[in-house]
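protein_17.txt follows; it contains compact mmCIF, N, CA and C atoms.
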# COMPACT_ATOMS: atom_id res chain seq x y z
N MET B 1022 -6.95 7.71 -44.12
CA MET B 1022 -6.40 6.51 -43.51
C MET B 1022 -5.22 6.87 -42.62
N ALA B 1023 -4.38 7.79 -43.11
CA ALA B 1023 -3.21 8.19 -42.33
C ALA B 1023 -3.62 8.90 -41.05
N PHE B 1024 -4.67 9.72 -41.13
CA PHE B 1024 -5.14 10.44 -39.95
C PHE B 1024 -5.69 9.45 -38.90
N ALA B 1025 -6.46 8.47 -39.33
CA ALA B 1025 -6.98 7.46 -38.40
C ALA B 1025 -5.83 6.67 -37.79
N PHE B 1026 -4.84 6.33 -38.59
CA PHE B 1026 -3.65 5.61 -38.10
C PHE B 1026 -2.93 6.45 -37.04
N TRP B 1027 -2.73 7.72 -37.34
CA TRP B 1027 -2.03 8.61 -36.43
C TRP B 1027 -2.75 8.73 -35.08
N ILE B 1028 -4.07 8.91 -35.14
CA ILE B 1028 -4.84 9.03 -33.90
C ILE B 1028 -4.78 7.73 -33.10
N TYR B 1029 -5.01 6.59 -33.76
CA TYR B 1029 -4.99 5.32 -33.05
C TYR B 1029 -3.62 5.09 -32.42
N ASP B 1030 -2.57 5.36 -33.17
CA ASP B 1030 -1.22 5.14 -32.66
C ASP B 1030 -0.92 6.06 -31.47
N ASN B 1031 -1.31 7.32 -31.55
CA ASN B 1031 -1.04 8.25 -30.45
C ASN B 1031 -1.85 7.95 -29.20
N VAL B 1032 -3.06 7.45 -29.36
CA VAL B 1032 -3.91 7.17 -28.20
C VAL B 1032 -3.61 5.79 -27.62
N ASN B 1033 -3.51 4.78 -28.48
CA ASN B 1033 -3.40 3.40 -28.00
C ASN B 1033 -2.07 2.72 -28.29
N GLY B 1034 -1.36 3.17 -29.30
CA GLY B 1034 -0.18 2.43 -29.74
C GLY B 1034 -0.63 1.16 -30.44
N PHE B 1035 0.32 0.44 -30.97
CA PHE B 1035 0.00 -0.80 -31.67
C PHE B 1035 0.63 -1.97 -30.94
N ASP B 1036 -0.24 -2.83 -30.41
CA ASP B 1036 0.20 -4.05 -29.74
C ASP B 1036 -0.23 -5.22 -30.60
N LEU B 1037 0.69 -5.73 -31.40
CA LEU B 1037 0.35 -6.80 -32.35
C LEU B 1037 0.32 -8.17 -31.68
N ASP B 1038 0.55 -8.22 -30.36
CA ASP B 1038 0.47 -9.49 -29.64
C ASP B 1038 -0.95 -10.04 -29.60
N CYS B 1039 -1.95 -9.18 -29.85
CA CYS B 1039 -3.34 -9.63 -29.81
C CYS B 1039 -3.74 -10.39 -31.07
N LEU B 1040 -2.87 -10.40 -32.08
CA LEU B 1040 -3.21 -11.13 -33.30
C LEU B 1040 -3.24 -12.63 -33.02
N SER B 1041 -4.32 -13.26 -33.44
CA SER B 1041 -4.49 -14.69 -33.22
C SER B 1041 -5.20 -15.28 -34.43
N TRP B 1042 -5.41 -16.59 -34.41
CA TRP B 1042 -6.14 -17.22 -35.50
C TRP B 1042 -7.58 -16.72 -35.55
N GLY B 1043 -8.15 -16.46 -34.41
CA GLY B 1043 -9.50 -15.92 -34.37
C GLY B 1043 -9.57 -14.56 -35.04
N PHE B 1044 -8.55 -13.75 -34.80
CA PHE B 1044 -8.44 -12.43 -35.42
C PHE B 1044 -8.34 -12.57 -36.94
N VAL B 1045 -7.49 -13.50 -37.38
CA VAL B 1045 -7.26 -13.72 -38.82
C VAL B 1045 -8.53 -14.24 -39.50
N VAL B 1046 -9.30 -15.06 -38.82
CA VAL B 1046 -10.55 -15.58 -39.39
C VAL B 1046 -11.65 -14.51 -39.35
N ALA B 1047 -11.71 -13.77 -38.26
CA ALA B 1047 -12.78 -12.77 -38.11
C ALA B 1047 -12.64 -11.61 -39.09
N LEU B 1048 -11.42 -11.21 -39.39
CA LEU B 1048 -11.21 -10.04 -40.23
C LEU B 1048 -11.86 -10.17 -41.61
N PRO B 1049 -11.59 -11.22 -42.39
CA PRO B 1049 -12.24 -11.28 -43.72
C PRO B 1049 -13.75 -11.47 -43.64
N VAL B 1050 -14.24 -12.16 -42.62
CA VAL B 1050 -15.68 -12.34 -42.47
C VAL B 1050 -16.34 -10.99 -42.19
N LEU B 1051 -15.74 -10.21 -41.29
CA LEU B 1051 -16.28 -8.89 -40.98
C LEU B 1051 -16.15 -7.93 -42.15
N ILE B 1052 -15.07 -8.04 -42.92
CA ILE B 1052 -14.91 -7.21 -44.11
C ILE B 1052 -16.03 -7.49 -45.10
N LEU B 1053 -16.36 -8.75 -45.30
CA LEU B 1053 -17.46 -9.11 -46.20
C LEU B 1053 -18.78 -8.53 -45.70
N CYS B 1054 -19.05 -8.67 -44.41
CA CYS B 1054 -20.29 -8.13 -43.85
C CYS B 1054 -20.35 -6.61 -43.97
N LEU B 1055 -19.24 -5.94 -43.69
CA LEU B 1055 -19.23 -4.48 -43.76
C LEU B 1055 -19.28 -3.98 -45.20
N SER B 1056 -18.78 -4.77 -46.14
CA SER B 1056 -18.89 -4.39 -47.55
C SER B 1056 -20.35 -4.38 -47.99
N VAL B 1057 -21.11 -5.37 -47.54
CA VAL B 1057 -22.54 -5.40 -47.82
C VAL B 1057 -23.22 -4.22 -47.14
N LEU B 1058 -22.84 -3.96 -45.88
CA LEU B 1058 -23.42 -2.83 -45.15
C LEU B 1058 -23.08 -1.50 -45.83
N HIS B 1059 -21.88 -1.40 -46.40
CA HIS B 1059 -21.48 -0.20 -47.14
C HIS B 1059 -22.50 0.11 -48.24
N GLU B 1060 -22.84 -0.90 -49.01
CA GLU B 1060 -23.81 -0.71 -50.10
C GLU B 1060 -25.22 -0.48 -49.57
N LEU B 1061 -25.56 -1.10 -48.46
CA LEU B 1061 -26.88 -0.88 -47.88
C LEU B 1061 -27.02 0.56 -47.40
N ILE B 1062 -25.94 1.16 -46.91
CA ILE B 1062 -25.99 2.55 -46.48
C ILE B 1062 -26.25 3.45 -47.69
N HIS B 1063 -25.60 3.15 -48.82
CA HIS B 1063 -25.91 3.91 -50.04
C HIS B 1063 -27.38 3.71 -50.41
N GLY B 1064 -27.81 2.50 -50.32
CA GLY B 1064 -29.13 2.08 -50.80
C GLY B 1064 -28.88 0.95 -51.77
N ILE B 1065 -29.72 -0.04 -51.79
CA ILE B 1065 -29.45 -1.21 -52.61
C ILE B 1065 -30.64 -1.49 -53.52
N ILE B 1066 -30.38 -2.06 -54.67
CA ILE B 1066 -31.45 -2.43 -55.60
C ILE B 1066 -31.96 -3.79 -55.13
N TRP B 1067 -33.10 -3.79 -54.48
CA TRP B 1067 -33.60 -5.01 -53.87
C TRP B 1067 -34.04 -6.05 -54.90
N SER B 1068 -34.48 -5.65 -56.07
CA SER B 1068 -34.95 -6.63 -57.04
C SER B 1068 -33.83 -7.55 -57.51
N SER B 1069 -32.61 -7.02 -57.60
CA SER B 1069 -31.50 -7.87 -58.03
C SER B 1069 -30.47 -8.08 -56.93
N PHE B 1070 -30.70 -7.49 -55.75
CA PHE B 1070 -29.76 -7.51 -54.63
C PHE B 1070 -28.35 -7.19 -55.12
N SER B 1071 -28.27 -6.16 -55.94
CA SER B 1071 -27.03 -5.76 -56.58
C SER B 1071 -26.11 -5.05 -55.60
N PRO B 1072 -24.80 -5.36 -55.62
CA PRO B 1072 -23.87 -4.66 -54.75
C PRO B 1072 -23.58 -3.24 -55.24
N TYR B 1073 -23.89 -2.96 -56.48
CA TYR B 1073 -23.75 -1.60 -57.00
C TYR B 1073 -25.14 -0.99 -57.04
N CYS B 1074 -25.32 0.10 -56.35
CA CYS B 1074 -26.66 0.68 -56.28
C CYS B 1074 -26.68 2.04 -56.96
N THR B 1075 -27.83 2.39 -57.44
CA THR B 1075 -28.04 3.71 -58.02
C THR B 1075 -29.31 4.29 -57.46
N CYS B 1076 -29.39 5.59 -57.47
CA CYS B 1076 -30.58 6.31 -57.04
C CYS B 1076 -31.26 6.84 -58.29
N SER B 1077 -32.50 6.49 -58.50
CA SER B 1077 -33.19 6.92 -59.73
C SER B 1077 -33.82 8.30 -59.58
N ASN B 1078 -33.85 8.84 -58.38
CA ASN B 1078 -34.44 10.16 -58.17
C ASN B 1078 -33.39 11.25 -58.35
N PRO B 1079 -33.76 12.36 -58.99
CA PRO B 1079 -32.83 13.48 -59.10
C PRO B 1079 -32.63 14.12 -57.72
N LEU B 1080 -31.39 14.49 -57.42
CA LEU B 1080 -31.04 15.05 -56.12
C LEU B 1080 -30.29 16.36 -56.28
N LYS B 1081 -30.38 17.19 -55.27
CA LYS B 1081 -29.54 18.39 -55.22
C LYS B 1081 -28.11 17.92 -54.97
N LYS B 1082 -27.17 18.79 -55.31
CA LYS B 1082 -25.76 18.40 -55.20
C LYS B 1082 -25.41 17.94 -53.79
N TRP B 1083 -25.82 18.68 -52.76
CA TRP B 1083 -25.46 18.31 -51.40
C TRP B 1083 -26.09 16.98 -51.00
N GLN B 1084 -27.30 16.70 -51.49
CA GLN B 1084 -27.95 15.43 -51.18
C GLN B 1084 -27.20 14.27 -51.83
N TYR B 1085 -26.80 14.49 -53.07
CA TYR B 1085 -26.07 13.45 -53.79
C TYR B 1085 -24.74 13.17 -53.10
N LEU B 1086 -24.00 14.23 -52.75
CA LEU B 1086 -22.69 14.06 -52.11
C LEU B 1086 -22.82 13.41 -50.74
N LEU B 1087 -23.85 13.75 -50.01
CA LEU B 1087 -24.05 13.13 -48.70
C LEU B 1087 -24.31 11.63 -48.84
N GLY B 1088 -25.12 11.25 -49.82
CA GLY B 1088 -25.38 9.83 -50.06
C GLY B 1088 -24.14 9.06 -50.48
N VAL B 1089 -23.30 9.72 -51.26
CA VAL B 1089 -22.07 9.07 -51.71
C VAL B 1089 -21.09 8.92 -50.54
N ALA B 1090 -21.00 9.93 -49.69
CA ALA B 1090 -20.01 9.94 -48.61
C ALA B 1090 -20.44 9.21 -47.35
N MET B 1091 -21.71 8.95 -47.18
CA MET B 1091 -22.21 8.41 -45.92
C MET B 1091 -21.55 7.10 -45.47
N PRO B 1092 -21.32 6.12 -46.35
CA PRO B 1092 -20.65 4.90 -45.87
C PRO B 1092 -19.26 5.16 -45.30
N ALA B 1093 -18.51 6.07 -45.93
CA ALA B 1093 -17.17 6.39 -45.41
C ALA B 1093 -17.27 7.11 -44.07
N PHE B 1094 -18.27 7.98 -43.91
CA PHE B 1094 -18.47 8.66 -42.63
C PHE B 1094 -18.81 7.66 -41.53
N VAL B 1095 -19.75 6.78 -41.82
CA VAL B 1095 -20.24 5.85 -40.80
C VAL B 1095 -19.24 4.73 -40.53
N LEU B 1096 -18.83 4.03 -41.60
CA LEU B 1096 -17.97 2.86 -41.42
C LEU B 1096 -16.49 3.21 -41.32
N GLY B 1097 -16.12 4.40 -41.77
CA GLY B 1097 -14.74 4.86 -41.61
C GLY B 1097 -14.59 5.68 -40.35
N GLY B 1098 -15.21 6.84 -40.33
CA GLY B 1098 -15.07 7.74 -39.19
C GLY B 1098 -15.72 7.22 -37.93
N GLY B 1099 -16.92 6.69 -38.04
CA GLY B 1099 -17.62 6.19 -36.85
C GLY B 1099 -16.93 5.00 -36.21
N VAL B 1100 -16.55 4.04 -37.02
CA VAL B 1100 -15.87 2.85 -36.49
C VAL B 1100 -14.47 3.22 -36.00
N ALA B 1101 -13.83 4.21 -36.63
CA ALA B 1101 -12.52 4.66 -36.16
C ALA B 1101 -12.62 5.22 -34.75
N ALA B 1102 -13.64 6.02 -34.49
CA ALA B 1102 -13.83 6.58 -33.15
C ALA B 1102 -14.04 5.46 -32.13
N VAL B 1103 -14.84 4.47 -32.47
CA VAL B 1103 -15.09 3.34 -31.56
C VAL B 1103 -13.79 2.56 -31.35
N ALA B 1104 -13.03 2.33 -32.43
CA ALA B 1104 -11.79 1.57 -32.32
C ALA B 1104 -10.80 2.27 -31.40
N VAL B 1105 -10.70 3.58 -31.51
CA VAL B 1105 -9.77 4.33 -30.66
C VAL B 1105 -10.24 4.30 -29.20
N MET B 1106 -11.53 4.56 -28.99
CA MET B 1106 -12.05 4.59 -27.61
C MET B 1106 -11.99 3.22 -26.94
N ALA B 1107 -12.23 2.15 -27.70
CA ALA B 1107 -12.25 0.81 -27.13
C ALA B 1107 -10.90 0.11 -27.20
N ASN B 1108 -9.92 0.75 -27.85
CA ASN B 1108 -8.58 0.15 -28.04
C ASN B 1108 -8.70 -1.24 -28.67
N GLN B 1109 -9.43 -1.30 -29.79
CA GLN B 1109 -9.66 -2.56 -30.49
C GLN B 1109 -8.95 -2.55 -31.84
N LEU B 1110 -7.89 -3.31 -31.94
CA LEU B 1110 -7.10 -3.35 -33.16
C LEU B 1110 -7.89 -3.93 -34.33
N LEU B 1111 -8.73 -4.93 -34.07
CA LEU B 1111 -9.55 -5.51 -35.13
C LEU B 1111 -10.46 -4.44 -35.74
N LEU B 1112 -11.10 -3.64 -34.90
CA LEU B 1112 -11.95 -2.57 -35.42
C LEU B 1112 -11.13 -1.54 -36.18
N PHE B 1113 -9.91 -1.29 -35.72
CA PHE B 1113 -9.06 -0.33 -36.43
C PHE B 1113 -8.74 -0.84 -37.84
N PHE B 1114 -8.38 -2.11 -37.97
CA PHE B 1114 -8.10 -2.66 -39.30
C PHE B 1114 -9.35 -2.60 -40.19
N LEU B 1115 -10.51 -2.87 -39.60
CA LEU B 1115 -11.76 -2.76 -40.36
C LEU B 1115 -11.99 -1.33 -40.82
N THR B 1116 -11.68 -0.37 -39.93
CA THR B 1116 -11.82 1.04 -40.27
C THR B 1116 -10.95 1.40 -41.47
N GLU B 1117 -9.70 0.99 -41.43
CA GLU B 1117 -8.79 1.30 -42.52
C GLU B 1117 -9.29 0.70 -43.83
N TYR B 1118 -9.79 -0.52 -43.78
CA TYR B 1118 -10.30 -1.15 -44.99
C TYR B 1118 -11.55 -0.42 -45.50
N MET B 1119 -12.43 -0.01 -44.60
CA MET B 1119 -13.65 0.68 -45.01
C MET B 1119 -13.34 2.05 -45.61
N ILE B 1120 -12.34 2.74 -45.08
CA ILE B 1120 -11.93 4.02 -45.68
C ILE B 1120 -11.36 3.76 -47.07
N LEU B 1121 -10.52 2.74 -47.19
CA LEU B 1121 -9.96 2.39 -48.49
C LEU B 1121 -11.04 1.97 -49.48
N SER B 1122 -12.03 1.23 -49.01
CA SER B 1122 -13.10 0.78 -49.92
C SER B 1122 -13.99 1.92 -50.37
N GLY B 1123 -13.92 3.06 -49.70
CA GLY B 1123 -14.66 4.23 -50.14
C GLY B 1123 -13.92 5.04 -51.20
N GLY B 1124 -12.82 4.51 -51.71
CA GLY B 1124 -12.02 5.22 -52.71
C GLY B 1124 -12.81 5.63 -53.95
N GLY B 1125 -13.63 4.73 -54.45
CA GLY B 1125 -14.45 5.06 -55.61
C GLY B 1125 -15.45 6.16 -55.29
N ASP B 1126 -15.99 6.11 -54.08
CA ASP B 1126 -16.92 7.16 -53.65
C ASP B 1126 -16.20 8.51 -53.57
N PHE B 1127 -14.98 8.49 -53.05
CA PHE B 1127 -14.22 9.74 -52.96
C PHE B 1127 -13.90 10.32 -54.34
N LEU B 1128 -13.66 9.44 -55.32
CA LEU B 1128 -13.42 9.92 -56.68
C LEU B 1128 -14.68 10.57 -57.27
N ILE B 1129 -15.83 10.01 -56.97
CA ILE B 1129 -17.09 10.61 -57.44
C ILE B 1129 -17.29 11.96 -56.78
N ILE B 1130 -16.98 12.06 -55.49
CA ILE B 1130 -17.10 13.34 -54.79
C ILE B 1130 -16.16 14.36 -55.41
N LEU B 1131 -14.92 13.97 -55.67
CA LEU B 1131 -13.95 14.88 -56.29
C LEU B 1131 -14.45 15.33 -57.66
N LYS B 1132 -14.95 14.39 -58.45
CA LYS B 1132 -15.45 14.71 -59.79
C LYS B 1132 -16.60 15.71 -59.71
N SER B 1133 -17.49 15.53 -58.74
CA SER B 1133 -18.61 16.45 -58.62
C SER B 1133 -18.17 17.82 -58.09
N MET B 1134 -17.15 17.85 -57.25
CA MET B 1134 -16.66 19.13 -56.73
C MET B 1134 -15.93 19.92 -57.83
N LEU B 1135 -15.34 19.23 -58.78
CA LEU B 1135 -14.64 19.90 -59.87
C LEU B 1135 -15.60 20.37 -60.97
N TYR B 1136 -16.84 19.89 -60.94
CA TYR B 1136 -17.82 20.28 -61.94
C TYR B 1136 -18.43 21.62 -61.54
N HIS B 1137 -18.34 22.59 -62.42
CA HIS B 1137 -18.92 23.91 -62.15
C HIS B 1137 -19.91 24.26 -63.26
N THR B 1138 -20.95 24.95 -62.89
CA THR B 1138 -21.97 25.35 -63.84
C THR B 1138 -22.38 26.80 -63.57
N ASP B 1139 -22.84 27.45 -64.60
CA ASP B 1139 -23.35 28.82 -64.42
C ASP B 1139 -24.88 28.83 -64.42
N LYS B 1140 -25.48 27.67 -64.48
CA LYS B 1140 -26.94 27.56 -64.49
C LYS B 1140 -27.48 27.74 -63.07
N GLN B 1141 -28.72 28.22 -62.96
CA GLN B 1141 -29.32 28.43 -61.65
C GLN B 1141 -29.72 27.14 -60.96
N GLU B 1142 -30.25 26.22 -61.72
CA GLU B 1142 -30.70 24.97 -61.15
C GLU B 1142 -29.98 23.79 -61.80
N SER B 1143 -29.62 22.84 -60.97
CA SER B 1143 -29.05 21.60 -61.49
C SER B 1143 -29.42 20.47 -60.54
N VAL B 1144 -29.64 19.30 -61.11
CA VAL B 1144 -29.92 18.12 -60.32
C VAL B 1144 -28.94 17.02 -60.72
N TYR B 1145 -28.61 16.20 -59.75
CA TYR B 1145 -27.65 15.12 -59.94
C TYR B 1145 -28.39 13.80 -59.91
N CYS B 1146 -28.07 12.95 -60.88
CA CYS B 1146 -28.64 11.61 -60.94
C CYS B 1146 -27.49 10.62 -61.11
N ASP B 1147 -27.60 9.49 -60.43
CA ASP B 1147 -26.64 8.42 -60.68
C ASP B 1147 -26.76 7.98 -62.11
N HIS B 1148 -25.62 7.66 -62.72
CA HIS B 1148 -25.66 7.08 -64.05
C HIS B 1148 -26.31 5.70 -63.91
N PRO B 1149 -27.22 5.35 -64.80
CA PRO B 1149 -27.99 4.11 -64.59
C PRO B 1149 -27.18 2.82 -64.70
N TYR B 1150 -26.05 2.82 -65.44
CA TYR B 1150 -25.32 1.55 -65.58
C TYR B 1150 -23.81 1.72 -65.52
N GLU B 1151 -23.31 2.91 -65.31
CA GLU B 1151 -21.88 3.12 -65.13
C GLU B 1151 -21.64 3.84 -63.82
N CYS B 1152 -20.41 3.75 -63.33
CA CYS B 1152 -20.06 4.44 -62.10
C CYS B 1152 -19.98 5.95 -62.39
N GLY B 1153 -20.67 6.74 -61.59
CA GLY B 1153 -20.64 8.17 -61.77
C GLY B 1153 -22.03 8.77 -61.76
N PHE B 1154 -22.15 9.97 -62.32
CA PHE B 1154 -23.41 10.68 -62.24
C PHE B 1154 -23.61 11.50 -63.51
N VAL B 1155 -24.85 11.97 -63.66
CA VAL B 1155 -25.23 12.83 -64.76
C VAL B 1155 -25.84 14.08 -64.13
N VAL B 1156 -25.53 15.25 -64.67
CA VAL B 1156 -26.08 16.50 -64.15
C VAL B 1156 -27.03 17.07 -65.20
N PHE B 1157 -28.23 17.38 -64.76
CA PHE B 1157 -29.20 18.04 -65.61
C PHE B 1157 -29.31 19.49 -65.13
N GLU B 1158 -29.19 20.40 -66.08
CA GLU B 1158 -29.19 21.83 -65.74
C GLU B 1158 -30.40 22.53 -66.34
N LYS B 1159 -30.81 23.60 -65.66
CA LYS B 1159 -31.95 24.37 -66.15
C LYS B 1159 -31.62 25.86 -66.07
Will you turn the file into structure tokens for me?
Amino acid sequence: MAFAFWIYDNVNGFDLDCLSWGFVVALPVLILCLSVLHELIHGIIWSSFSPYCTCSNPLKKWQYLLGVAMPAFVLGGGVAAVAVMANQLLLFFLTEYMILSGGGDFLIILKSMLYHTDKQESVYCDHPYECGFVVFEK
């Protein structure tokens, strides 16, 4: 978040004169839409349209980490680049919120990076009803 703030500030500066009632109304509506999109990027359980999704297939570590990190890459990094290039403060605020909302994902990534094994093969599966993952080793 600090890096995105630093880049936006150095390229565009912050002109808060653009804040209006439209801005204030649009921000929470767009946050809600992007929160749904965040989960859709992970993948969603269509039968219950659950905002918390799990992957039932076993994945290699890099596949699992990519799936966990993808919403932050797309909605954080991608939207940050657009916000800086277009000098759009609304997009910048959305970027900061999307990076912050990926906090749980970042904790899962950290947890998986701290997990070490001496086994040759391991697969990662989302925990079926709790936040996190299970590793099966062979």
Considering only helix (DSSP H, G or I) as DSSP defines it on the backbone, what residues of chain B qualify? List them as a PyMOL selection string. chain B and resi 1023-1032+1037-1039+1042-1063+1082-1107+1110-1122+1124-1135
Close residues, B:Tyr1145 itself excluded, 5 Å, all atoms listed in the file, min 3 positions apart in chain, as a PyMOL selection string: chain B and resi 1079-1081+1155-1156
7 Å contact set for stretch 1052-1058 of chain B, all atoms listed in the file, chain neighbours under 5 positions out, as a ChimeraX atom specification: /B:1047,1063,1092,1115
Output file for the selection above: N, CA and C atoms, as a PDB file, in the coordinates of the input:
ATOM      1  N   ALA B1047     -11.710 -13.770 -38.260  1.00  0.00           N
ATOM      2  CA  ALA B1047     -12.780 -12.770 -38.110  1.00  0.00           C
ATOM      3  C   ALA B1047     -12.640 -11.610 -39.090  1.00  0.00           C
ATOM      4  N   HIS B1063     -25.600   3.150 -48.820  1.00  0.00           N
ATOM      5  CA  HIS B1063     -25.910   3.910 -50.040  1.00  0.00           C
ATOM      6  C   HIS B1063     -27.380   3.710 -50.410  1.00  0.00           C
ATOM      7  N   PRO B1092     -21.320   6.120 -46.350  1.00  0.00           N
ATOM      8  CA  PRO B1092     -20.650   4.900 -45.870  1.00  0.00           C
ATOM      9  C   PRO B1092     -19.260   5.160 -45.300  1.00  0.00           C
ATOM     10  N   LEU B1115     -10.510  -2.870 -39.600  1.00  0.00           N
ATOM     11  CA  LEU B1115     -11.760  -2.760 -40.360  1.00  0.00           C
ATOM     12  C   LEU B1115     -11.990  -1.330 -40.820  1.00  0.00           C
TER      13      LEU B1115
END
Please indicate the distance in Å from atom CA of B:Leu1110 to atom CA of B:Ile1130, rounded to one decimal place.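 Computed distance, atom CA of B:Leu1110 to atom CA of B:Ile1130, equals 29.1 Å.
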Could you check the closest approach to B:Asp1147 for each of B:Ser1077, B:Trp1042, B:Gly1088, B:Ala1025 and tell me which residue wins, using only N, CA and C atoms?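 That would be B:Ser1077, the residue with the smallest distance to B:Asp1147.
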Grab the atom C of B:Ala1102 to atom C of B:Leu1061 distance for me, in Å with one decimal place. 20.6 Å
From a DSSP pass on the backbone, collect the residues of stretch 1093-1155 of chain B flagged as strand (DSSP E or B) and hand them back as a PyMOL selection string. chain B and resi 1143-1147+1154-1155
Computed interatomic separation between atom CA of B:Asn1031 and atom CA of B:Ile1120 (Å):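 It comes out at 19.2 Å.
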Rank nothing, just name the residue among B:Met1022, B:Tyr1085, B:Ile1129, B:Thr1116 nearest to B:Gly1099, using only N, CA and C atoms.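 For B:Gly1099, the nearest of the given residues is B:Thr1116.
Ranking B:Cys1076, B:Leu1111, B:Ala1101, B:Phe1094 by their shortest atom-to-atom distance to B:Cys1039, with all atoms listed in the file included, puts B:Leu1111 first.
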